[in-house]
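Enquirer: Contents of query.cif (mmCIF, C-alpha atoms and all ligand atoms) are given next:
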```cif
data_query
#
loop_
_atom_site.label_atom_id
_atom_site.label_comp_id
_atom_site.auth_asym_id
_atom_site.auth_seq_id
_atom_site.Cartn_x
_atom_site.Cartn_y
_atom_site.Cartn_z
CA MET E 16 0.00 0.00 0.00
CA SER E 17 1.26 3.56 -0.73
CA MET E 18 2.22 5.76 2.21
CA ALA E 19 -0.92 7.88 1.71
CA GLY E 20 -3.07 4.77 1.48
CA ASP E 21 -1.51 3.40 4.64
CA LEU E 22 -2.12 6.65 6.54
CA ASP E 23 -5.70 6.76 5.22
CA ALA E 24 -6.28 3.27 6.60
CA ARG E 25 -4.82 4.24 9.98
CA ALA E 26 -6.94 7.39 10.11
CA LYS E 27 -10.12 5.39 9.45
CA ALA E 28 -9.14 2.89 12.12
CA ILE E 29 -8.71 5.74 14.65
CA LEU E 30 -12.19 7.11 13.94
CA LEU E 31 -13.72 3.66 14.29
CA LYS E 32 -11.77 3.00 17.50
CA ASN E 33 -12.87 6.33 19.05
CA ASP E 34 -16.52 5.79 18.05
CA ARG E 35 -18.69 5.31 21.14
CA GLY E 36 -21.88 4.47 19.25
CA GLY E 37 -22.87 7.48 17.16
CA TYR E 38 -20.49 9.97 18.70
CA THR E 39 -16.71 10.03 18.79
CA VAL E 40 -14.41 10.85 21.69
CA PRO E 41 -11.45 13.11 20.75
CA THR E 42 -9.05 10.53 22.20
CA ALA E 43 -9.42 7.74 24.75
CA ARG E 44 -8.74 8.59 28.44
CA LEU E 45 -7.68 12.28 28.19
CA TYR E 46 -11.02 13.32 26.59
CA PRO E 47 -13.63 10.60 27.22
CA TYR E 48 -16.78 12.54 26.17
CA GLN E 49 -18.33 14.19 23.12
CA TRP E 50 -16.83 17.61 22.35
CA ASN E 51 -18.64 20.16 20.22
CA TRP E 52 -16.30 21.34 17.47
CA ASP E 53 -14.38 18.06 17.55
CA SER E 54 -17.57 16.28 16.48
CA ALA E 55 -18.16 18.69 13.61
CA PHE E 56 -14.68 18.11 12.16
CA VAL E 57 -14.93 14.40 12.83
CA ALA E 58 -18.07 14.32 10.66
CA LEU E 59 -15.99 15.56 7.72
CA GLY E 60 -13.71 12.56 8.18
CA PHE E 61 -16.51 10.01 8.49
CA ALA E 62 -18.11 11.50 5.39
CA THR E 63 -15.18 10.22 3.31
CA PHE E 64 -16.27 6.63 3.92
CA ASP E 65 -19.65 6.57 5.72
CA ARG E 66 -21.93 9.56 5.17
CA ALA E 67 -24.75 8.21 7.33
CA ARG E 68 -22.31 7.95 10.26
CA ALA E 69 -21.15 11.53 9.62
CA TRP E 70 -24.71 12.84 9.99
CA TRP E 71 -25.29 10.71 13.05
CA GLU E 72 -22.34 12.44 14.78
CA LEU E 73 -23.91 15.85 14.15
CA GLU E 74 -27.39 14.71 15.15
CA MET E 75 -26.03 13.45 18.47
CA LEU E 76 -24.31 16.77 19.05
CA LEU E 77 -27.59 18.61 18.49
CA GLU E 78 -29.31 16.32 20.99
CA GLY E 79 -27.47 18.24 23.72
CA GLN E 80 -28.79 21.68 22.73
CA TRP E 81 -30.11 23.75 25.64
CA PRO E 82 -33.56 25.37 25.50
CA ASP E 83 -31.86 28.79 25.12
CA GLY E 84 -30.15 27.57 21.91
CA MET E 85 -26.66 26.99 23.29
CA ILE E 86 -24.88 23.84 22.16
CA PRO E 87 -22.51 22.97 25.04
CA HIS E 88 -18.81 22.37 24.58
CA ILE E 89 -18.98 18.90 26.19
CA LEU E 90 -21.81 16.37 26.45
CA PHE E 91 -21.36 14.04 29.40
CA ARG E 92 -23.07 10.93 28.08
CA SER E 93 -21.40 8.91 30.84
CA ASN E 94 -19.60 9.78 34.05
CA ASP E 95 -15.91 8.99 33.82
CA PRO E 96 -14.08 9.49 37.16
CA ASP E 97 -10.85 9.80 35.18
CA TYR E 98 -11.84 13.25 33.85
CA PHE E 99 -11.81 16.63 35.58
CA PRO E 100 -13.95 18.75 35.63
CA GLY E 101 -16.86 16.34 35.18
CA PRO E 102 -20.63 16.86 35.42
CA SER E 103 -20.68 17.15 39.23
CA VAL E 104 -18.31 20.13 39.03
CA TRP E 105 -20.16 21.92 36.23
CA GLN E 106 -23.65 21.31 37.66
CA ALA E 107 -24.99 22.67 34.40
CA ASP E 108 -28.26 20.78 34.19
CA LEU E 109 -30.17 23.09 31.90
CA GLY E 110 -30.11 20.85 28.82
CA PRO E 111 -31.42 17.40 27.96
CA ILE E 112 -28.02 15.75 28.57
CA PRO E 113 -25.58 16.60 31.41
CA SER E 114 -23.07 19.02 29.90
CA GLY E 115 -20.59 21.79 30.40
CA GLY E 116 -22.06 25.27 30.91
CA ILE E 117 -20.28 27.03 28.03
CA SER E 118 -20.12 26.54 24.27
CA GLN E 119 -17.37 26.11 21.66
CA PRO E 120 -16.53 27.62 18.24
CA PRO E 121 -19.63 27.34 16.02
CA VAL E 122 -18.25 25.42 13.04
CA LEU E 123 -21.36 23.25 12.66
CA ALA E 124 -23.13 25.32 9.96
CA SER E 125 -19.98 25.33 7.83
CA VAL E 126 -19.59 21.56 8.12
CA VAL E 127 -23.28 20.98 7.32
CA ARG E 128 -22.97 23.17 4.24
CA ALA E 129 -19.87 21.26 3.10
CA LEU E 130 -21.65 17.90 3.52
CA VAL E 131 -24.81 19.10 1.78
CA GLU E 132 -22.93 20.58 -1.16
CA SER E 133 -20.79 17.50 -1.68
CA GLY E 134 -23.66 15.06 -1.19
CA GLY E 135 -26.97 13.88 -2.54
CA GLU E 136 -30.62 13.83 -1.55
CA ASP E 137 -30.13 12.21 1.85
CA ASP E 138 -27.50 14.82 2.77
CA ALA E 139 -29.84 17.62 1.70
CA ARG E 140 -32.68 16.20 3.78
CA ARG E 141 -30.60 15.73 6.92
CA GLY E 142 -28.88 19.10 6.57
CA ALA E 143 -32.14 20.97 5.95
CA ALA E 144 -33.61 19.43 9.10
CA MET E 145 -30.87 21.09 11.19
CA ILE E 146 -31.16 24.69 9.98
CA GLY E 147 -33.61 25.88 12.65
CA ARG E 148 -31.57 24.44 15.51
CA ILE E 149 -28.30 25.84 14.16
CA ALA E 150 -29.96 29.25 13.76
CA ALA E 151 -31.08 29.08 17.40
CA TRP E 152 -27.46 28.47 18.40
CA HIS E 153 -26.19 31.42 16.33
CA ARG E 154 -28.94 33.59 17.85
CA TRP E 155 -27.63 32.57 21.27
CA TRP E 156 -24.13 33.75 20.33
CA HIS E 157 -25.46 37.04 19.02
CA THR E 158 -27.51 37.73 22.16
CA ALA E 159 -26.19 35.87 25.23
CA ARG E 160 -22.54 36.49 24.26
CA ARG E 161 -22.93 40.05 23.01
CA PRO E 162 -21.91 42.26 25.95
CA ASP E 163 -23.69 45.62 26.28
CA GLY E 164 -21.89 48.25 24.25
CA CYS E 165 -19.44 45.79 22.67
CA PRO E 166 -19.52 45.72 18.86
CA VAL E 167 -18.63 42.00 18.63
CA ILE E 168 -19.44 38.77 20.46
CA ALA E 169 -17.22 37.85 23.39
CA THR E 170 -16.50 34.86 25.58
CA VAL E 171 -16.62 34.15 29.30
CA HIS E 172 -14.11 31.27 29.42
CA PRO E 173 -10.93 30.44 27.45
CA TRP E 174 -12.28 26.89 26.98
CA GLU E 175 -15.18 28.34 25.00
CA THR E 176 -12.72 29.52 22.35
CA GLY E 177 -11.31 25.99 22.00
CA ARG E 178 -7.79 27.47 22.53
CA ASP E 179 -7.57 26.81 26.24
CA ASN E 180 -4.24 28.25 27.41
CA CYS E 181 -3.28 30.45 24.47
CA PRO E 182 -1.32 33.52 25.64
CA ASP E 183 -4.22 35.50 24.11
CA TRP E 184 -6.04 35.01 27.42
CA THR E 185 -3.27 36.16 29.77
CA ILE E 186 -4.58 39.72 30.19
CA GLY E 187 -8.12 38.52 30.92
CA LEU E 188 -7.00 35.78 33.32
CA ASP E 189 -4.59 38.12 35.13
CA ALA E 190 -7.43 40.58 35.72
CA MET E 191 -9.37 37.90 37.64
CA THR E 192 -9.25 37.11 41.34
CA VAL E 193 -9.16 33.50 42.47
CA PRO E 194 -11.45 33.28 45.54
CA ASP E 195 -9.98 32.01 48.82
CA ASP E 196 -12.74 29.43 49.10
CA LEU E 197 -12.11 27.82 45.69
CA GLU E 198 -12.79 24.13 46.27
CA PRO E 199 -9.73 21.86 46.19
CA TYR E 200 -9.55 19.75 43.03
CA THR E 201 -7.35 17.12 41.39
CA ARG E 202 -6.38 17.54 37.78
CA MET E 203 -6.59 14.41 35.66
CA ASP E 204 -5.14 15.84 32.43
CA VAL E 205 -1.62 15.87 33.88
CA LYS E 206 -1.93 12.15 34.65
CA HIS E 207 -2.66 11.36 31.01
CA ALA E 208 -0.27 13.84 29.38
CA ASN E 209 3.11 15.45 29.97
CA PRO E 210 2.50 18.39 32.39
CA ALA E 211 5.15 20.45 30.55
CA GLN E 212 2.84 20.45 27.53
CA ARG E 213 -0.34 21.30 29.47
CA PRO E 214 -1.76 24.52 31.02
CA SER E 215 -0.24 25.66 34.32
CA LYS E 216 -1.75 25.23 37.80
CA ASP E 217 -2.38 28.97 38.06
CA GLN E 218 -4.30 28.94 34.78
CA TYR E 219 -6.32 25.93 35.95
CA ASP E 220 -7.28 27.74 39.17
CA ARG E 221 -8.68 30.52 37.01
CA PHE E 222 -10.49 28.12 34.67
CA VAL E 223 -12.15 26.50 37.70
CA THR E 224 -12.97 29.90 39.21
CA ILE E 225 -15.03 30.74 36.11
CA ILE E 226 -16.91 27.43 36.41
CA LYS E 227 -17.70 28.33 40.02
CA ALA E 228 -19.04 31.72 38.88
CA GLY E 229 -21.27 29.98 36.34
CA ARG E 230 -22.58 27.57 38.95
CA ASP E 231 -23.18 30.41 41.39
CA CYS E 232 -25.46 32.21 38.93
CA GLY E 233 -27.25 29.00 37.90
CA TRP E 234 -25.65 29.26 34.44
CA ASP E 235 -27.60 32.41 33.63
CA GLN E 236 -25.61 33.10 30.45
CA LYS E 237 -26.40 36.80 30.13
CA ALA E 238 -25.41 37.32 33.77
CA LEU E 239 -22.19 35.39 33.23
CA THR E 240 -21.36 37.50 30.18
CA GLY E 241 -22.27 40.73 31.97
CA ASN E 242 -20.74 40.12 35.39
CA GLY E 243 -18.53 37.01 35.13
CA PRO E 244 -14.86 37.06 36.08
CA PHE E 245 -13.55 36.90 32.48
CA LEU E 246 -14.73 38.66 29.33
CA MET E 247 -12.66 38.71 26.16
CA ALA E 248 -13.38 39.06 22.46
CA ASP E 249 -11.66 36.39 20.36
CA PRO E 250 -10.84 36.74 16.66
CA GLY E 251 -11.26 32.94 16.42
CA LEU E 252 -14.84 32.85 17.67
CA TYR E 253 -15.64 36.05 15.84
CA PHE E 254 -14.32 34.95 12.41
CA ILE E 255 -15.70 31.42 12.76
CA LEU E 256 -19.18 32.73 13.61
CA LEU E 257 -19.12 35.24 10.76
CA ARG E 258 -18.18 32.46 8.35
CA ALA E 259 -20.78 30.14 9.86
CA ASP E 260 -23.44 32.87 9.51
CA ARG E 261 -22.55 33.14 5.81
CA ASP E 262 -22.79 29.36 5.42
CA LEU E 263 -26.06 29.26 7.34
CA LEU E 264 -27.45 31.96 5.06
CA ALA E 265 -26.57 29.86 2.01
CA LEU E 266 -28.39 26.88 3.57
CA ALA E 267 -31.41 29.00 4.55
CA ARG E 268 -31.65 30.43 1.02
CA ARG E 269 -31.64 26.96 -0.44
CA PHE E 270 -33.92 25.19 2.03
CA GLY E 271 -35.88 28.01 3.71
CA GLY E 272 -35.13 29.79 6.96
CA GLU E 273 -34.90 33.22 8.58
CA THR E 274 -32.68 34.81 5.92
CA GLU E 275 -33.31 38.40 7.02
CA GLU E 276 -32.26 37.72 10.57
CA ILE E 277 -29.09 35.97 9.39
CA GLU E 278 -28.29 38.85 7.03
CA GLY E 279 -28.59 41.17 10.03
CA TRP E 280 -26.05 39.10 11.98
CA ILE E 281 -23.62 39.22 9.06
CA GLU E 282 -24.01 42.99 8.67
CA ALA E 283 -23.43 43.54 12.38
CA GLY E 284 -20.48 41.17 12.29
CA VAL E 285 -18.80 42.95 9.40
CA ALA E 286 -19.41 46.32 11.06
CA GLY E 287 -17.65 45.17 14.25
CA THR E 288 -14.44 43.92 12.61
CA ASP E 289 -12.30 46.95 13.45
CA TYR E 290 -12.80 46.35 17.16
CA LEU E 291 -10.39 43.40 16.92
CA TRP E 292 -7.73 45.23 14.90
CA ASN E 293 -4.71 45.93 17.04
CA PRO E 294 -2.89 48.89 15.45
CA ALA E 295 0.19 48.32 17.60
CA LEU E 296 0.78 44.91 16.01
CA ASP E 297 -1.03 45.49 12.72
CA ALA E 298 -3.01 42.31 13.31
CA PHE E 299 -6.37 40.95 14.46
CA CYS E 300 -5.89 40.17 18.16
CA ALA E 301 -7.90 39.06 21.17
CA ARG E 302 -9.12 41.92 23.35
CA ASP E 303 -10.23 42.27 26.95
CA VAL E 304 -13.71 43.80 26.70
CA ARG E 305 -13.65 45.56 30.08
CA SER E 306 -10.21 47.18 29.87
CA GLY E 307 -10.00 47.44 26.07
CA ALA E 308 -6.44 46.00 26.19
CA PHE E 309 -5.21 43.84 23.31
CA SER E 310 -3.34 40.56 23.67
CA SER E 311 0.37 40.61 22.98
CA GLY E 312 0.77 38.50 19.85
CA VAL E 313 -0.47 37.10 16.56
CA SER E 314 -2.10 33.69 16.76
CA SER E 315 -3.25 31.21 14.14
CA VAL E 316 -6.82 32.53 14.39
CA SER E 317 -5.60 36.01 13.40
CA ALA E 318 -5.23 34.43 9.96
CA LEU E 319 -8.93 33.45 9.81
CA ALA E 320 -9.85 36.89 8.39
CA PHE E 321 -9.71 35.26 4.95
CA TYR E 322 -11.95 32.37 6.02
CA ALA E 323 -14.53 34.90 7.29
CA ASP E 324 -14.04 37.19 4.28
CA ALA E 325 -13.53 40.06 6.74
CA GLY E 326 -11.31 43.09 7.10
CA THR E 327 -10.17 45.85 4.76
CA ASP E 328 -7.65 45.31 1.95
CA ALA E 329 -4.97 46.92 4.13
CA GLN E 330 -5.79 44.69 7.13
CA ARG E 331 -5.67 41.59 4.96
CA ALA E 332 -2.39 42.65 3.36
CA ALA E 333 -0.86 43.18 6.82
CA THR E 334 -2.19 39.76 7.92
CA LEU E 335 -0.46 38.16 4.93
CA VAL E 336 2.81 39.83 5.91
CA HIS E 337 2.51 38.22 9.36
CA ILE E 338 1.72 34.79 7.93
CA GLU E 339 4.72 34.98 5.63
CA ARG E 340 7.01 36.21 8.40
CA ILE E 341 5.87 33.43 10.72
CA GLY E 342 6.37 30.97 7.87
CA GLY E 343 10.03 32.03 7.90
CA GLU E 344 10.36 31.58 11.66
CA ALA E 345 8.61 28.23 12.02
CA THR E 346 9.43 25.11 10.05
CA TYR E 347 5.72 24.31 9.83
CA LEU E 348 2.93 26.85 9.26
CA MET E 349 0.75 28.01 11.07
CA PRO E 350 1.78 27.81 14.75
CA SER E 351 -0.97 28.58 17.25
CA TRP E 352 1.13 31.42 18.68
CA ASP E 353 3.73 33.64 17.01
CA PRO E 354 7.25 32.26 17.66
CA ALA E 355 8.47 35.87 17.91
CA ALA E 356 5.91 36.85 20.58
CA PRO E 357 6.33 36.63 24.36
CA LEU E 358 5.20 33.32 25.94
CA PHE E 359 5.79 31.20 22.83
CA GLU E 360 6.50 27.57 23.76
CA ALA E 361 6.84 25.10 20.90
CA GLN E 362 5.28 22.15 22.76
CA ARG E 363 2.88 23.68 25.27
CA TYR E 364 -0.62 23.16 23.93
CA TRP E 365 -1.97 26.47 22.54
CA CYS E 366 1.27 28.42 23.17
CA GLY E 367 2.83 27.41 19.85
CA PRO E 368 1.94 23.93 18.51
CA LEU E 369 0.17 23.42 15.16
CA TRP E 370 -3.47 22.37 15.38
CA CYS E 371 -5.09 20.69 12.40
CA GLN E 372 -8.60 22.12 12.80
CA VAL E 373 -7.56 25.78 12.89
CA ASN E 374 -5.09 25.23 10.07
CA TYR E 375 -7.74 23.55 7.93
CA MET E 376 -9.83 26.74 8.21
CA VAL E 377 -6.81 29.01 7.68
CA SER E 378 -5.86 27.11 4.54
CA ARG E 379 -9.39 27.10 3.16
CA GLY E 380 -9.71 30.84 3.69
CA LEU E 381 -6.36 31.55 2.04
CA ALA E 382 -7.28 29.36 -0.95
CA GLU E 383 -10.66 31.05 -1.37
CA ALA E 384 -9.00 34.48 -1.26
CA GLY E 385 -6.60 33.50 -4.06
CA HIS E 386 -3.48 32.88 -1.94
CA GLY E 387 -3.02 29.35 -3.23
CA ALA E 388 0.68 28.96 -2.48
CA LEU E 389 0.28 29.87 1.20
CA ALA E 390 -2.85 27.73 1.48
CA ASP E 391 -0.91 24.77 0.06
CA ARG E 392 1.98 25.38 2.44
CA VAL E 393 -0.36 25.20 5.45
CA ARG E 394 -1.87 21.97 4.17
CA ASP E 395 1.46 20.42 3.11
CA ASP E 396 2.99 21.25 6.49
CA LEU E 397 0.15 19.57 8.35
CA ALA E 398 0.44 16.51 6.10
CA ALA E 399 4.21 16.46 6.71
CA VAL E 400 3.96 16.45 10.51
CA ILE E 401 1.32 13.70 10.42
CA ALA E 402 3.50 11.60 8.08
CA LYS E 403 6.47 12.22 10.35
CA SER E 404 4.91 11.77 13.79
CA GLY E 405 1.44 10.23 13.53
CA PHE E 406 -2.08 11.38 14.42
CA TYR E 407 -1.31 13.52 17.46
CA GLU E 408 -3.48 16.17 19.06
CA CYS E 409 -1.04 18.93 18.02
CA PHE E 410 2.53 19.30 16.78
CA ASP E 411 5.74 21.21 17.57
CA PRO E 412 5.99 23.81 14.74
CA ILE E 413 9.78 23.72 14.78
CA THR E 414 10.56 19.98 14.90
CA GLY E 415 7.24 18.44 13.84
CA ALA E 416 7.17 16.23 16.97
CA GLY E 417 3.69 15.12 18.06
CA CYS E 418 2.34 16.52 21.35
CA ILE E 419 -0.16 15.35 24.00
CA GLY E 420 -3.06 13.15 22.83
CA THR E 421 -2.38 10.23 20.48
CA ASP E 422 -4.71 8.63 17.91
CA PHE E 423 -6.62 11.90 17.89
CA SER E 424 -9.98 11.97 16.13
CA TRP E 425 -9.96 15.36 14.42
CA THR E 426 -6.40 14.88 13.20
CA ALA E 427 -7.45 11.58 11.62
CA ALA E 428 -10.66 13.12 10.23
CA LEU E 429 -8.98 16.14 8.68
CA TRP E 430 -6.26 13.96 7.23
CA LEU E 431 -8.95 11.96 5.44
CA ALA E 432 -11.03 14.97 4.37
CA TRP E 433 -8.31 17.49 3.60
CA ALA E 434 -4.59 16.80 4.12
CA SER E 435 -4.20 13.34 2.58
CA PRO E 436 -2.96 13.27 -1.04
CA ASN E 437 -6.10 11.24 -1.79
CA ALA E 438 -8.29 14.05 -0.41
CA ARG E 439 -6.57 16.54 -2.69
CA ASN E 440 -7.21 14.59 -5.85
CA GLY E 441 -10.81 13.90 -4.86
CA GLU E 442 -10.33 10.18 -4.20
CA ASN E 443 -11.33 10.24 -0.51
C1 LIG S 501 -8.90 20.76 24.36
C2 LIG S 501 -8.82 21.73 23.18
C3 LIG S 501 -10.21 21.93 22.59
C4 LIG S 501 -10.79 20.58 22.21
C5 LIG S 501 -10.76 19.58 23.38
C6 LIG S 501 -11.10 18.17 22.94
O1 LIG S 501 -9.62 21.29 25.40
O2 LIG S 501 -8.26 22.94 23.55
O3 LIG S 501 -10.15 22.78 21.48
O4 LIG S 501 -12.09 20.72 21.73
O5 LIG S 501 -9.46 19.54 23.93
O6 LIG S 501 -10.29 17.75 21.89
#
```
Take the structure in this file and express it as structure tokens.

Expert:
Amino acid sequence: MSMAGDLDARAKAILLKNDRGGYTVPTARLYPYQWNWDSAFVALGFATFDRARAWWELEMLLEGQWPDGMIPHILFRSNDPDYFPGPSVWQADLGPIPSGGISQPPVLASVVRALVESGGEDDARRGAAMIGRIAAWHRWWHTARRPDGCPVIATVHPWETGRDNCPDWTIGLDAMTVPDDLEPYTRMDVKHANPAQRPSKDQYDRFVTIIKAGRDCGWDQKALTGNGPFLMADPGLYFILLRADRDLLALARRFGGETEEIEGWIEAGVAGTDYLWNPALDAFCARDVRSGAFSSGVSSVSALAFYADAGTDAQRAATLVHIERIGGEATYLMPSWDPAAPLFEAQRYWCGPLWCQVNYMVSRGLAEAGHGALADRVRDDLAAVIAKSGFYECFDPITGAGCIGTDFSWTAALWLAWASPNARNGEN
């Protein structure tokens, strides 16, 4: 078998191994539940060999939707004592399935559109049936996570951005106070992975403090956004939602849905873009909503302006300059944090490593905007680290070494759907 064929077979085997009966865990032990954006990307991988199973993954994700429209970041379909923080810590019982009390980047509409447009009648039927529920989720983002007076959506917890310990969050986390009565807890992640590659104890105290604040207000999401301990605007969430609104609009135009409302979200989104432009760095950066301060570096989600089709010509040109500069500093594009910025660490989770799901979106956006060579570099580099190291959770952008979780579902899925040579020539 060719090398690509061999890797394709291994990737399929990982998805099947991580399947828990209609939903897929990101990796055994470290992440034993269903995660929101993981499932969406995983569906793209299943779709290369079992489209019915791909839709099933998304349908199971939607089963966890709260009455207010939120789709939680984790669905606790079991109670695994090997994971912290589990359902008894979150105490977020507002949905049909025990879950976390926050959400995750809304990539679902974009994945549904991709499946519908590459599929047949069954795909159209199953995708059309989801439009109302996805719109309810987007409405939740545009209301519950839109702080008063802030021109863009924001987030209450770094975990909601999917980029847990990125240095983007340092200013917001430093502004918080950890209460003296924070309950003692035991981390499980550092038992399953190398602590040097995981978030620090101080960061974890702050992550848990935000969960306590959510519990204390009974997961009243508007209250948590308005008065919670942490409130930052994230270019990742912002660009992903803008893109997802555009994809949802395309679906609603084709199958029926609230097109005017969605158009309003897109208009408001586009109008807010400048809020995230950091003139000191000439880049889209995370921003603390209460102090107005910008984060101190360029991250991989800064490059999602192309994916969202956002920003002025000058902002996009400056973003390209950053991507090219970083491409000269790192062996593999696009690291999650700028190697030239403070707090870069090549192997610590979101402080530098390459992540396949962000880079898939970065590459797609660059390709759509006509920057084919850079788009190919991002895809080739991801393929190269997988061929070199295997299906890890993330990768050192300097050496290509694999970091943290092994046999990781979204890495396998995006290999099959995007990075594999067979995906490029349309054979997967
Ligand atoms: C980590 C990642 C997050 C992901 C989850 C499961 O928390 O930061 O993006 O969804 O693991 O893979």

Enquirer: For a quick check of understanding, using all atoms listed in the file, which of E:Phe299, E:Trp70, E:Phe254, E:Tyr219 has the smallest distance to ligand LIG 501 (chain S)?

Expert: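 Once distances to ligand LIG 501 (chain S) are computed over all atoms listed in the file, the minimum belongs to E:Tyr219.
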
Enquirer: Find the residues near ligand LIG 501 (chain S). Use a cut-off of 9 Å, count only C-alpha atoms and all ligand atoms, and write them as a VMD selection string.

Expert: chain E and resid 40 to 42 45 to 46 48 to 54 88 to 89 119 to 120 173 to 180 364 to 365 372 408 420 423 to 425

Enquirer: Just how far from atom CA of E:Ala390 is atom CA of E:Leu348, in Å to one decimal?

Expert: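 Computed distance, atom CA of E:Leu348 to atom CA of E:Ala390, equals 9.7 Å.
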
Enquirer: Figure out the distance between atom CA of E:Met376 and atom CA of E:Pro354, please, to one decimal in Å.

Expert: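 Taking atom CA of E:Pro354 and atom CA of E:Met376, their separation equals 20.3 Å.
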
Enquirer: Rank nothing, just name the residue among E:Gly405, E:Gly115, E:Pro102, E:Pro412 nearest to E:Asp23, using only C-alpha atoms.

Expert: E:Gly405

Enquirer: Show me, as a PyMOL selection string, the residues that have an atom within 7 Å of E:Tyr253 when counting only C-alpha atoms, minus same-chain residues fewer than 4 positions from it.

Expert: chain E and resi 168+249+257

Enquirer: Write out as a PyMOL selection string the residues lying within 12 Å of E:Thr158, counting all atoms listed in the file and excluding same-chain residues fewer than 2 positions away.

Expert: chain E and resi 83-85+151-156+160-163+165-170+236-238+240-241+280

Enquirer: Report, in Å to a single decimal, how far apart atom CA of E:Ile112 and atom CA of E:Asp231 are.

Expert: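 Pair atom CA of E:Asp231 / atom CA of E:Ile112 returns 20.1 Å.
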
Enquirer: Neighbouring residues of E:Asp183 were defined as those with any atom within 7 Å, considering all atoms listed in the file; residues of the same chain fewer than 6 positions away were excluded. Please report them as a PyMOL selection string.

Expert: chain E and resi 301+310-311

Enquirer: Kindly indicate which residue among E:Ala355, E:Leu30, E:Leu197, E:Ala416 lies nearest to E:Lys403, using only C-alpha atoms for the distances.

Expert: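 Result for the nearest residue to E:Lys403: E:Ala416.
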
Enquirer: As AutoDock Vina command-line options, please: the centre and edge lengths in Å, to one decimal, of an axis-aligned box enclosing every listed atom of stretch 131-138 of chain E with 4 Å added on each side.

Expert:
```
--center_x -25.7 --center_y 16.4 --center_z 0.1 --size_x 17.8 --size_y 16.4 --size_z 13.3
```

Enquirer: Given all atoms listed in the file as the basis, pick out the residue of E:Gly251, E:Gly60, E:Gly135, E:Gly279 nearest to E:Val122.

Expert: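 Of E:Gly251, E:Gly60, E:Gly135, E:Gly279, the one nearest E:Val122 is E:Gly251, counting all atoms listed in the file.
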
Enquirer: Which protein, DNA or RNA residues are at most 8 Å from (-26.5, 28.0, 8.5) in the file's coordinates when you count all atoms listed in the file, listed as an MDAnalysis selection string?

Expert: chainID E and resid 124:125 127:128 146 149:150 259:267

Enquirer: Could you add whatever atoms are missing so that stretch 411-420 of chain E carries N, CA, C and O atoms, then write the result as a PDB file, keeping the file's coordinate frame?

Expert:
```pdb
ATOM      1  N   ASP E 411       4.693  20.185  17.411  1.00  0.00           N
ATOM      2  CA  ASP E 411       5.740  21.210  17.570  1.00  0.00           C
ATOM      3  C   ASP E 411       5.997  21.843  16.193  1.00  0.00           C
ATOM      4  O   ASP E 411       6.349  21.130  15.242  1.00  0.00           O
ATOM      5  N   PRO E 412       5.851  23.182  16.069  1.00  0.00           N
ATOM      6  CA  PRO E 412       5.990  23.810  14.740  1.00  0.00           C
ATOM      7  C   PRO E 412       7.437  23.954  14.284  1.00  0.00           C
ATOM      8  O   PRO E 412       7.685  24.365  13.157  1.00  0.00           O
ATOM      9  N   ILE E 413       8.369  23.616  15.165  1.00  0.00           N
ATOM     10  CA  ILE E 413       9.780  23.720  14.780  1.00  0.00           C
ATOM     11  C   ILE E 413      10.319  22.342  14.368  1.00  0.00           C
ATOM     12  O   ILE E 413      10.951  22.188  13.341  1.00  0.00           O
ATOM     13  N   THR E 414      10.002  21.312  15.183  1.00  0.00           N
ATOM     14  CA  THR E 414      10.560  19.980  14.900  1.00  0.00           C
ATOM     15  C   THR E 414       9.549  19.041  14.253  1.00  0.00           C
ATOM     16  O   THR E 414       9.916  17.989  13.726  1.00  0.00           O
ATOM     17  N   GLY E 415       8.270  19.346  14.366  1.00  0.00           N
ATOM     18  CA  GLY E 415       7.240  18.440  13.840  1.00  0.00           C
ATOM     19  C   GLY E 415       6.894  17.303  14.793  1.00  0.00           C
ATOM     20  O   GLY E 415       6.090  16.423  14.460  1.00  0.00           O
ATOM     21  N   ALA E 416       7.483  17.302  16.001  1.00  0.00           N
ATOM     22  CA  ALA E 416       7.170  16.230  16.970  1.00  0.00           C
ATOM     23  C   ALA E 416       5.705  16.315  17.372  1.00  0.00           C
ATOM     24  O   ALA E 416       5.132  17.409  17.478  1.00  0.00           O
ATOM     25  N   GLY E 417       5.088  15.149  17.627  1.00  0.00           N
ATOM     26  CA  GLY E 417       3.690  15.120  18.060  1.00  0.00           C
ATOM     27  C   GLY E 417       3.592  15.446  19.545  1.00  0.00           C
ATOM     28  O   GLY E 417       4.464  15.078  20.327  1.00  0.00           O
ATOM     29  N   CYS E 418       2.516  16.145  19.943  1.00  0.00           N
ATOM     30  CA  CYS E 418       2.340  16.520  21.350  1.00  0.00           C
ATOM     31  C   CYS E 418       0.998  16.023  21.881  1.00  0.00           C
ATOM     32  O   CYS E 418      -0.012  16.008  21.178  1.00  0.00           O
ATOM     33  N   ILE E 419       1.007  15.661  23.159  1.00  0.00           N
ATOM     34  CA  ILE E 419      -0.160  15.350  24.000  1.00  0.00           C
ATOM     35  C   ILE E 419      -0.944  14.138  23.498  1.00  0.00           C
ATOM     36  O   ILE E 419      -0.405  13.063  23.453  1.00  0.00           O
ATOM     37  N   GLY E 420      -2.222  14.308  23.128  1.00  0.00           N
ATOM     38  CA  GLY E 420      -3.060  13.150  22.830  1.00  0.00           C
ATOM     39  C   GLY E 420      -2.616  12.389  21.587  1.00  0.00           C
ATOM     40  O   GLY E 420      -2.198  12.992  20.593  1.00  0.00           O
TER      41      GLY E 420
END
```
